[in-house]
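Comments concern the structure below.
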Amino acid sequence: MPERSESDSRKLLRRLRDSLAEPGRGQDRLDRITHLIADSMGSEVCSIYLFRDPETLELCATEGLRAESVHQTRLRLGEGLVGRVARTATPINTADAPTEKGFRFMPETGEEIYSSFLGVPIQRVGEKLGVLVVQSKTARLFSDDEVYALEVVAMVLAEMTELGAFIGEGEAMSGLHKQPVMLRGTSGQEGAAEGRVWLHEPRVLVTNPVADDPQVETERIRAAVGQLRVSVDDLLAAESLDKDQRQVLEAYRMFAHSRGWLRRMEEDIARGLSAEAAVEKEQSAARARLDQVPDAYLRERLQDLDDLSNRLLRILTGQGSDTGAEMPDDPVLVARNIGPAELLEYGRKLRGVVLEEGSVGSHAAIVARALTIPLVIHAAGVTKEALNGDRILVDGDQGIAHLRPEDSVTSAFRDKMAMQAKAQQRYADLRDLPALTLCGEQISLQMNAGLMADLPSLEGSGAEGVGLFRTELQFLIRNQMPKRAELATLYARVMEAARGRRVAFRTLDIGSDKVLPYMKPNDEPNPAMGWRAIRVGLDKPGVLRMQAQALIRAARGRPLVIMFPFIAETSEFIAARKLVMEQLERERSLGIPLPERLEIGAMLETPSLAYAPRSFFEMVDFISIGGNDLRQFFFAADRENERVRRRYDMLNTSFLNFLGHIVGRCAETATPLSFCGEDAGRPVEAACLAAMGLRTLSMRPASIGPVKSLLRRTDLQGLRAVIDAACEEGRENARPVVMDWLARQSN
């Protein structure tokens, strides 16, 4: 690029910085900026369009177009050339705008006399903020240098928007991180919480986008990249890396040593940007490419570059994870995603958790349930919008987070929390009472657990035992395989905390969405139906043997209950049971005290097992229906897919008939049967399960009170008659008649 152009670019940026530093309203700043850019670039028109909402752009300032069109002209995302720039996040440069595909003529602006058009996105690290446009009467293509210069200016505008430079009276100019925002996601764990945002990975704010001395900034970027390269090389030198971790770091090293990456940032600095702004400009370009790339491998590589840019920004700014900020007394954790070990480190001090990603079956969701922390997942954009200390309301029941809520929203939310607290007190009064129905049937209500943190809930919730203890959580929260002695100590503490109550230990259920940090993930097209749970245990029996030994040693003469997950056919149960019995004999030969009584059962999570031979039902000591997986496979609806997860109802008459079939098979052989899953913790569904003949239900501790309350007010015989009638009438779903019947019973 010629030296003259470099000088002009830096001069424009300095004028832009000085203009932004002048006092005045946001609109005044925008007006000055459009005049300054048009003058510097020798064009008759400069316009700034900002997003009014995620789908609408508004003309917020212009030099050259009719003044009366400001705040009146709006475009949908993708509409016209401006809308195309916003949607694709790529510039449009044309000498004859009216002939361009998708051109939209806006007569109120008076732009019909301008032929040339150059539009560039205003974006910050993938966050689309608006479009910057210059136009001229002369039909010409803007030069590469001019396109580049306008992109640099747009980058600075994005940074200043982030810093609130354009806050004004108009809604479209409202500053980021200032207005109330409702983020609609998905419920990961029920409950409601009010608190202050605590970011798991604080945002890096660039406060100096324009630099006076390119030489100083160039030296800073070279030094920071050098430090980054050393840190990546040091990580690669670690001996504990597995193959996959090494591949990721090799990709990091490739980008860190990329001459093109450093050269582009140095060119941005030569144009007048600071080192930090140059990094963010390249990061924004990578994010834009990421959105357009369909190939999974290339997307992963661009994601690597994005992560590396964040590392480089933290080196330059000194804004590491430990920013010196103090965690508020009422923290609500906000993150893109988080692992179970990291979430456990925060512990019960958290009021709630809001994630951009995650899933209902993720490790974080399981830990959040164990800690009874309200959790919202799939809250798109929350990490971009939230800042540390922002007030936030978490509605885990509806899967909604209210960021910086208005007073009316806060008041209504607090009313809801007060009602929930009142209901919980009512449920607490039922804690020591049995779940005895009006028709005299007593239902055993048990709790699900997976952490020692769960066990205090045994007393407080009124649970009669632990119907499911997830042993995999102890594997998931570690960076290496736990030792047998460690597991034996843990399992012993669980049994001691249960104080004689029955605890059903489910053997390691990994695979699908639960991948151990130290285990190579399998690239499976459908992991929920792939190599998981007992299939892994039988193919890799070493871990299953170790677990069996640890459980036997933990029992120390006490009763022991073991169940195998995801049994699909009898032979799998026979093989797994044989392995446990072999370990029992081994421990006997070593003089280890054996369990007083040993129960070995299976989880029925696949429809195939419901049609197993009678010998299977005679062989098992008990069966536990894994409702989440069984419903997923019965309806062929992935429970991690939000498009279909809620489409199918447990009260579908086909599913209820299927449950009735399982109850009948177990009754024939007097095989104890229980139900474990989300549906067991929903009062209406729990009542229907009991009406279908299930006498043991296992759920999260917080659900026991509401479920017991409804069961004690329900005649199961009457409810079963309603369900049977719905089936005989050919109804697809029994929920409407069940809800109507329950409402009439409560009157």
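Starting from 1 in every chain, residues are counted up; chains themselves are A, B, ... following the order of the structure tokens, and ligands are numbered from 1 as listed.
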* Skip Ala670 of chain A itself and residues of its chain fewer than 6 positions away, then list as a PyMOL selection string all residues within 10 Å of it, counting only C-alpha atoms. => chain A and resi 617-618+621-622+663-664
* Residues within 8 Å of segment 685-688 of chain A, only C-alpha atoms, excluding chain neighbours under 2 positions, as a VMD selection string -> chain A and resid 650 to 651 679 to 683 690 to 692 697 707 710 to 711 714 716 719 to 720
* Fewer than 5 positions away in the same chain doesn't count, so skip those; otherwise give me all residues within 6 Å of Val561 of chain A, counting only C-alpha atoms, as a ChimeraX atom specification. => /A:504,598-599
Would you mind exporting N, CA and C atoms of the selected residues as a PDB file, in the first residue's frame?
```pdb
ATOM      1  N   ALA A 504     -28.978 -47.470  44.962  1.00  0.00           N
ATOM      2  CA  ALA A 504     -28.737 -48.247  43.742  1.00  0.00           C
ATOM      3  C   ALA A 504     -27.620 -47.575  42.947  1.00  0.00           C
ATOM      4  N   LEU A 598     -26.618 -58.872  48.105  1.00  0.00           N
ATOM      5  CA  LEU A 598     -26.269 -58.270  46.815  1.00  0.00           C
ATOM      6  C   LEU A 598     -27.451 -58.336  45.869  1.00  0.00           C
ATOM      7  N   GLU A 599     -27.880 -57.160  45.389  1.00  0.00           N
ATOM      8  CA  GLU A 599     -28.921 -57.084  44.355  1.00  0.00           C
ATOM      9  C   GLU A 599     -28.256 -56.599  43.068  1.00  0.00           C
TER      10      GLU A 599
END
```
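Straight-line separation from atom CA of Asp509 of chain A to atom CA of Leu473 of chain A: 9.2 Å.
Excluding segment 419-432 of chain A itself and any same-chain residue fewer than 2 positions from it, the protein and nucleic acid residues within 10 Å of it, counting only C-alpha atoms, are Gly191, Ala192, Phe413, Arg414, Asp415, Lys416, Met417, Pro434, Ala435, Glu459, Gly460, Ser461, Gly462, Ala463, Glu464, Ala702, Ser703, Ile704, Gly705, Pro706, Val707, Lys708, Ser709 and Arg712 of chain A.
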Restricting the output to C-alpha atoms, write the selected residues as a PDB file, in the first residue's frame.
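Written out: part_24.pdb:
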```pdb
ATOM      1  CA  GLY A 191     -36.088 -23.127  39.837  1.00  0.00           C
ATOM      2  CA  ALA A 192     -35.897 -19.352  40.007  1.00  0.00           C
ATOM      3  CA  PHE A 413     -40.466 -12.353  39.257  1.00  0.00           C
ATOM      4  CA  ARG A 414     -40.129 -11.801  42.991  1.00  0.00           C
ATOM      5  CA  ASP A 415     -43.827 -12.582  43.409  1.00  0.00           C
ATOM      6  CA  LYS A 416     -43.227 -15.879  41.612  1.00  0.00           C
ATOM      7  CA  MET A 417     -40.244 -16.680  43.857  1.00  0.00           C
ATOM      8  CA  PRO A 434     -45.783 -41.393  53.407  1.00  0.00           C
ATOM      9  CA  ALA A 435     -46.796 -40.971  49.748  1.00  0.00           C
ATOM     10  CA  GLU A 459     -33.044 -36.117  54.967  1.00  0.00           C
ATOM     11  CA  GLY A 460     -34.425 -32.784  53.828  1.00  0.00           C
ATOM     12  CA  SER A 461     -36.462 -34.074  50.890  1.00  0.00           C
ATOM     13  CA  GLY A 462     -38.042 -37.057  52.604  1.00  0.00           C
ATOM     14  CA  ALA A 463     -36.637 -39.493  50.028  1.00  0.00           C
ATOM     15  CA  GLU A 464     -36.770 -43.141  51.090  1.00  0.00           C
ATOM     16  CA  ALA A 702     -36.679 -30.976  44.902  1.00  0.00           C
ATOM     17  CA  SER A 703     -39.440 -32.854  43.067  1.00  0.00           C
ATOM     18  CA  ILE A 704     -40.325 -35.222  45.920  1.00  0.00           C
ATOM     19  CA  GLY A 705     -42.461 -32.679  47.791  1.00  0.00           C
ATOM     20  CA  PRO A 706     -44.654 -31.645  44.816  1.00  0.00           C
ATOM     21  CA  VAL A 707     -45.046 -35.277  43.678  1.00  0.00           C
ATOM     22  CA  LYS A 708     -45.964 -36.498  47.163  1.00  0.00           C
ATOM     23  CA  SER A 709     -48.461 -33.650  47.557  1.00  0.00           C
ATOM     24  CA  ARG A 712     -51.720 -37.966  48.591  1.00  0.00           C
TER      25      ARG A 712
END
```
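The residue set within 8 Å of Glu472 of chain A, counting only C-alpha atoms and dropping same-chain residues fewer than 4 places from it, reads Gly450, Leu476, Thr507, Leu508, Asp509 and Ile510 of chain A.
In this comparison, which uses only C-alpha atoms, the residue of A:Glu55, A:Ala528, A:Met452, A:Ile592 approaching Val494 of chain A most closely is A:Met452.
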* Just the residues within 6 Å of segment 381-391 of chain A, please, counting only C-alpha atoms, with nothing from its chain fewer than 6 positions along; format it as a count of residues only. => 7
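Remark: for Arg140 of chain A, the closest of the candidate residues A:Ala497, A:Ala97, A:Leu262, A:Ile400 is A:Ala97 (distances computed over only C-alpha atoms).
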* Asked: What lies within 7 Å of segment 84-89 of chain A using only C-alpha atoms, ignoring chain neighbours under 3 positions off, as a ChimeraX atom specification?
  -> /A:77-81,92,119-121,130-131,288
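Atom CA of Ala275 of chain A sits 9.7 Å away from atom CA of Thr317 of chain A.
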* To do: List every residue of segment 231-285 of chain A that DSSP, applied to the backbone, labels as helix (DSSP H, G or I), and write the result as number ranges by chain.
  => A: 231-236, 243-256, 259-270, 275-285
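Minimum distance to Glu217 of chain A across A:Arg15, A:Arg545, A:Arg271, A:Arg253 (counting only C-alpha atoms) occurs at A:Arg271.
Across the structure, atom CA of Leu609 of chain A and atom CA of Trp531 of chain A are spaced 17.5 Å apart.
Across A:Ala726, A:Ala335, A:Val466, A:Ala278, the tightest approach to Pro214 of chain A is made by A:Ala278 when counting only C-alpha atoms.
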Hey, could you make a per-residue contact list for segment 310-376 of chain A against segment 226-237 of chain A with 8 Å as the cut-off, showing the nearest pair of atoms and its distance in Å to one decimal, counting only C-alpha atoms, sorted by chain and number, as CSV?
```
residue,atom,partner,partner_atom,distance
A:Arg311,CA,A:Leu228,CA,7.5
A:Leu312,CA,A:Leu228,CA,6.5
A:Ile315,CA,A:Leu228,CA,7.8
```
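Restricting the calculation to only C-alpha atoms, the smallest distance between Gly467 of chain A and any of A:Ser19, A:Asn628, A:Ser608, A:Ser698 is found for A:Ser698.
Using only C-alpha atoms, the nearest neighbour of Arg501 of chain A within the list A:Arg470, A:Arg558, A:Arg535, A:Arg744 is A:Arg558.
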